[in-house]
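**Q** Let me begin by handing over the structure; questions about it come next.
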Amino acid sequence: MSRDGSISVQPFDVSRTDYSSTDNYQVMWLKQGFETVVVDLEEFEASPNTICFLTPNRFIRVSYKYGVEGCVLSFSKVFFQDLVQVDMNIKEAALLSLFEPIPKIILSPKIGERVHHIAEMIDELCGSEIPNKEAAVASLFKTLLIYCDSKCNIRLNGNLNQNKIRLVTTYKELVAKHFTKTHLVNEYANMMNISPKYLNQVVREILGVTAKSIITEQLLIKARHDLKFSNHSVKEIAFGLGFSEQFHFSNFFKREFGVSPSKFRHN
């Protein structure tokens with residue numbers, strides 16, 4: 001438990017399978033190495049980059065495979081109600097509602113990285129003596145919830161086909177690995193030995209977006225980061241993202257954000 005007694009971040013202990021809690025809310029971040037999760041009477045497959053939002057008094061069991069990475073954020077009702085829930089929108093609040101279906105989400109790989117870093121920052125703040133750390137932790141937690149609302153995450157509520165979930169998860173992992181070199185949906189479909197039409201159909205069914213939008217999301221996250229936090233020229237960033245010409249990158253960026261990369265960098 002953190003020093004302020006309201007929130008803690010603990011890595012998973014492979015000798016422990018029971019994570020039930022009568023008092024605390026929990027966010028279980030299953031980065032990799034998990035097999036299944038049981039919540040009350042429901043069992044589901046724990047794909048890489050899965051995150052679960054759990055209210056108190058749930059029966060929770062996890063099973064492991066190997067190479068386990070992840071953590072559990074555990075926090076009090078007071079912390080959630082007094083520091084986090086203030087000014088939250090309805091979507092964010094629903095993630096930890098007592099009356100909604102238990103939210104289970106497979107995060108886009110890049111968003112998974114962000115969530116992992118946020119959890120580390122929360123843990124670092126909890127162990128510090130920084131003034132106003134409770135407000136800072138609450139702000140980070142809200143940011144985590146916002147990332148989890150991305151349109152390119154898979155929400156596991158409902159009767160979704162597990163084979164199609166695995167296909168979309170594989171596609172997103174391939175995009176995260178190759179998006180700086182490969183921008184075409186048909187090339188990813190070839191890697192997966194399926195047709196581009198079927199890939200796009202399944203992505204639309206599971207995520208409600210096109211297969212192309214997954215590639216676009218990765219490119220935009222990386223482009224924005226490099227423009228703001230690197231010293232590389234726009235031309236170097238364009239080539240690093242797999243664009244053959246700077247003007248192709250500039251047109252792509254302006255179409256998505258309404259401003260040129262140069263103007264975005266200096267705003």
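Every chain in the structure tokens has a letter given in the order shown (A, B, ...), and although residue numbers restart at 1 in each chain, ligands are simply numbered from 1 in the order shown.
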Write out as number ranges by chain all residues of range 5-203 of chain A that DSSP puts in alpha helix (DSSP H) for this structure's backbone.

**A** A: 77-79, 90-94, 109-126, 133-147, 162-178, 185-191, 196-203

**Q** Export, as a PDB file, in the first residue's frame, the selected residues with C-alpha atoms.

**A**
```pdb
ATOM      1  CA  LYS A  77     -13.373   4.397  -2.616  1.00  0.00           C
ATOM      2  CA  VAL A  78     -12.441   7.711  -1.006  1.00  0.00           C
ATOM      3  CA  PHE A  79      -9.559   8.221  -3.446  1.00  0.00           C
ATOM      4  CA  ILE A  90     -19.807   9.772 -18.153  1.00  0.00           C
ATOM      5  CA  LYS A  91     -17.645   7.432 -20.264  1.00  0.00           C
ATOM      6  CA  GLU A  92     -14.728   7.582 -17.851  1.00  0.00           C
ATOM      7  CA  ALA A  93     -16.913   7.111 -14.786  1.00  0.00           C
ATOM      8  CA  ALA A  94     -18.577   4.068 -16.376  1.00  0.00           C
ATOM      9  CA  PRO A 109       0.254  -1.602 -28.283  1.00  0.00           C
ATOM     10  CA  LYS A 110       1.311   2.063 -28.261  1.00  0.00           C
ATOM     11  CA  ILE A 111      -1.451   2.956 -25.803  1.00  0.00           C
ATOM     12  CA  GLY A 112      -0.370  -0.035 -23.727  1.00  0.00           C
ATOM     13  CA  GLU A 113       3.106   1.494 -23.500  1.00  0.00           C
ATOM     14  CA  ARG A 114       1.601   4.783 -22.313  1.00  0.00           C
ATOM     15  CA  VAL A 115      -0.511   3.031 -19.669  1.00  0.00           C
ATOM     16  CA  HIS A 116       2.531   1.113 -18.438  1.00  0.00           C
ATOM     17  CA  HIS A 117       4.496   4.348 -18.040  1.00  0.00           C
ATOM     18  CA  ILE A 118       1.580   6.032 -16.263  1.00  0.00           C
ATOM     19  CA  ALA A 119       1.420   3.161 -13.754  1.00  0.00           C
ATOM     20  CA  GLU A 120       5.165   3.537 -13.122  1.00  0.00           C
ATOM     21  CA  MET A 121       4.762   7.291 -12.597  1.00  0.00           C
ATOM     22  CA  ILE A 122       1.891   6.738 -10.151  1.00  0.00           C
ATOM     23  CA  ASP A 123       4.029   4.282  -8.189  1.00  0.00           C
ATOM     24  CA  GLU A 124       6.946   6.731  -8.143  1.00  0.00           C
ATOM     25  CA  LEU A 125       4.738   9.564  -6.870  1.00  0.00           C
ATOM     26  CA  CYS A 126       3.146   7.391  -4.190  1.00  0.00           C
ATOM     27  CA  LYS A 133       1.184  14.315  -4.875  1.00  0.00           C
ATOM     28  CA  GLU A 134      -2.410  13.116  -4.332  1.00  0.00           C
ATOM     29  CA  ALA A 135      -3.682  15.598  -6.936  1.00  0.00           C
ATOM     30  CA  ALA A 136      -0.874  14.583  -9.308  1.00  0.00           C
ATOM     31  CA  VAL A 137      -1.707  10.891  -8.914  1.00  0.00           C
ATOM     32  CA  ALA A 138      -5.397  11.591  -9.542  1.00  0.00           C
ATOM     33  CA  SER A 139      -4.505  13.521 -12.697  1.00  0.00           C
ATOM     34  CA  LEU A 140      -2.377  10.643 -13.974  1.00  0.00           C
ATOM     35  CA  PHE A 141      -5.167   8.198 -13.244  1.00  0.00           C
ATOM     36  CA  LYS A 142      -7.632  10.304 -15.255  1.00  0.00           C
ATOM     37  CA  THR A 143      -5.131  10.327 -18.115  1.00  0.00           C
ATOM     38  CA  LEU A 144      -5.001   6.534 -17.960  1.00  0.00           C
ATOM     39  CA  LEU A 145      -8.802   6.391 -18.265  1.00  0.00           C
ATOM     40  CA  ILE A 146      -8.733   8.727 -21.260  1.00  0.00           C
ATOM     41  CA  TYR A 147      -6.179   6.535 -23.063  1.00  0.00           C
ATOM     42  CA  GLN A 162     -12.467 -15.063 -29.855  1.00  0.00           C
ATOM     43  CA  ASN A 163     -10.804 -16.016 -33.153  1.00  0.00           C
ATOM     44  CA  LYS A 164     -11.611 -12.596 -34.576  1.00  0.00           C
ATOM     45  CA  ILE A 165     -10.315 -10.903 -31.408  1.00  0.00           C
ATOM     46  CA  ARG A 166      -7.033 -12.808 -31.803  1.00  0.00           C
ATOM     47  CA  LEU A 167      -6.843 -11.798 -35.462  1.00  0.00           C
ATOM     48  CA  VAL A 168      -7.328  -8.108 -34.657  1.00  0.00           C
ATOM     49  CA  THR A 169      -4.857  -8.321 -31.776  1.00  0.00           C
ATOM     50  CA  THR A 170      -2.275  -9.920 -34.079  1.00  0.00           C
ATOM     51  CA  TYR A 171      -2.890  -7.223 -36.680  1.00  0.00           C
ATOM     52  CA  LYS A 172      -2.383  -4.437 -34.140  1.00  0.00           C
ATOM     53  CA  GLU A 173       0.836  -6.049 -32.887  1.00  0.00           C
ATOM     54  CA  LEU A 174       2.154  -6.330 -36.465  1.00  0.00           C
ATOM     55  CA  VAL A 175       1.281  -2.698 -37.133  1.00  0.00           C
ATOM     56  CA  ALA A 176       3.062  -1.612 -33.934  1.00  0.00           C
ATOM     57  CA  LYS A 177       6.154  -3.498 -35.105  1.00  0.00           C
ATOM     58  CA  HIS A 178       6.201  -2.489 -38.773  1.00  0.00           C
ATOM     59  CA  VAL A 185      -3.277  -2.892 -45.264  1.00  0.00           C
ATOM     60  CA  ASN A 186      -2.759  -5.488 -47.980  1.00  0.00           C
ATOM     61  CA  GLU A 187       0.859  -6.030 -46.879  1.00  0.00           C
ATOM     62  CA  TYR A 188      -0.270  -6.814 -43.333  1.00  0.00           C
ATOM     63  CA  ALA A 189      -2.981  -9.092 -44.715  1.00  0.00           C
ATOM     64  CA  ASN A 190      -0.283 -10.974 -46.656  1.00  0.00           C
ATOM     65  CA  MET A 191       1.743 -11.409 -43.450  1.00  0.00           C
ATOM     66  CA  PRO A 196      -7.282  -7.439 -47.177  1.00  0.00           C
ATOM     67  CA  LYS A 197     -11.070  -7.439 -47.528  1.00  0.00           C
ATOM     68  CA  TYR A 198     -11.495  -9.982 -44.714  1.00  0.00           C
ATOM     69  CA  LEU A 199      -8.986  -8.165 -42.483  1.00  0.00           C
ATOM     70  CA  ASN A 200     -10.839  -4.884 -42.897  1.00  0.00           C
ATOM     71  CA  GLN A 201     -14.180  -6.625 -42.314  1.00  0.00           C
ATOM     72  CA  VAL A 202     -13.031  -8.174 -39.027  1.00  0.00           C
ATOM     73  CA  VAL A 203     -11.389  -4.964 -37.780  1.00  0.00           C
TER      74      VAL A 203
END
```

**Q** As a list of chain:residue names, please: the residues near Gln10 in chain A (cut-off 10 Å, only C-alpha atoms, same-chain neighbours under 2 positions excluded).

**A** A:Met1, A:Ser2, A:Ser8, A:Phe12, A:Asp13, A:Met28, A:Gly70, A:Cys71, A:Val72, A:Leu73, A:Ser74, A:Ala119, A:Glu120, A:Asp123

**Q** So which residues touch range 42-54 of chain A within 8 Å, counting only C-alpha atoms, skipping near sequence neighbours fewer than 4 positions away, as a list in words?

**A**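 That gives Tyr25, Gln26, Val27, Met28, Trp29, Leu30, Lys31, Gln32, Gly33, Phe34, Glu35, Thr36, Val37, Val38, Arg58, Leu95, Leu96, Ile102, Pro103, Lys104, Ile105, Ile106, Leu107, Ser108, Pro109, Gly112, Arg166 and Thr169 of chain A.
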
**Q** Next, the residues of the selection above should be written as a PDB file, in the first residue's frame with C-alpha atoms.

**A**
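Saved result, out06.pdb, follows:
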```pdb
ATOM      1  CA  TYR A  25     -11.239  -0.777  -6.564  1.00  0.00           C
ATOM      2  CA  GLN A  26      -8.598  -2.383  -8.782  1.00  0.00           C
ATOM      3  CA  VAL A  27      -7.166  -1.846 -12.239  1.00  0.00           C
ATOM      4  CA  MET A  28      -5.374  -4.965 -13.485  1.00  0.00           C
ATOM      5  CA  TRP A  29      -2.830  -4.241 -16.226  1.00  0.00           C
ATOM      6  CA  LEU A  30      -1.926  -7.529 -17.956  1.00  0.00           C
ATOM      7  CA  LYS A  31       0.918  -6.581 -20.277  1.00  0.00           C
ATOM      8  CA  GLN A  32       1.986 -10.127 -21.159  1.00  0.00           C
ATOM      9  CA  GLY A  33       2.383 -13.669 -19.845  1.00  0.00           C
ATOM     10  CA  PHE A  34      -1.191 -14.306 -18.658  1.00  0.00           C
ATOM     11  CA  GLU A  35      -3.507 -17.120 -19.702  1.00  0.00           C
ATOM     12  CA  THR A  36      -6.986 -16.431 -18.283  1.00  0.00           C
ATOM     13  CA  VAL A  37      -8.822 -14.191 -15.857  1.00  0.00           C
ATOM     14  CA  VAL A  38     -11.929 -15.197 -13.930  1.00  0.00           C
ATOM     15  CA  ARG A  58     -15.514  -9.338  -6.999  1.00  0.00           C
ATOM     16  CA  LEU A  95     -15.249   2.225 -16.352  1.00  0.00           C
ATOM     17  CA  LEU A  96     -15.584   1.896 -12.581  1.00  0.00           C
ATOM     18  CA  ILE A 102     -17.020  -5.193 -16.037  1.00  0.00           C
ATOM     19  CA  PRO A 103     -14.877  -3.302 -18.565  1.00  0.00           C
ATOM     20  CA  LYS A 104     -12.208  -5.523 -20.127  1.00  0.00           C
ATOM     21  CA  ILE A 105     -10.135  -3.868 -22.839  1.00  0.00           C
ATOM     22  CA  ILE A 106      -7.272  -4.957 -25.084  1.00  0.00           C
ATOM     23  CA  LEU A 107      -5.195  -1.834 -25.596  1.00  0.00           C
ATOM     24  CA  SER A 108      -3.482  -0.791 -28.785  1.00  0.00           C
ATOM     25  CA  PRO A 109       0.254  -1.602 -28.283  1.00  0.00           C
ATOM     26  CA  GLY A 112      -0.370  -0.035 -23.727  1.00  0.00           C
ATOM     27  CA  ARG A 166      -7.033 -12.808 -31.803  1.00  0.00           C
ATOM     28  CA  THR A 169      -4.857  -8.321 -31.776  1.00  0.00           C
TER      29      THR A 169
END
```

**Q** For Val259 in chain A, which of A:Arg224, A:His232, A:Gly242, A:Leu156 is the closest residue, counting only C-alpha atoms?

**A** A:Arg224

**Q** What does the distance between CA of Phe247 in chain A and CA of Thr210 in chain A come to in Å, to one decimal place?

**A**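 Calculated distance between CA of Phe247 in chain A and CA of Thr210 in chain A is 24.5 Å.
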
**Q** Enumerate, as a count of residues only, the complete set of residues in range 64-259 of chain A that a backbone-based DSSP assignment places in strand (DSSP E).

**A** 17

**Q** Nearest to Ser260 in chain A: which of A:Cys152, A:Ile215, A:Leu241, A:Ala223 is it, counting only C-alpha atoms?

**A**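 Between A:Cys152, A:Ile215, A:Leu241, A:Ala223, the residue approaching Ser260 in chain A most closely is A:Ala223.
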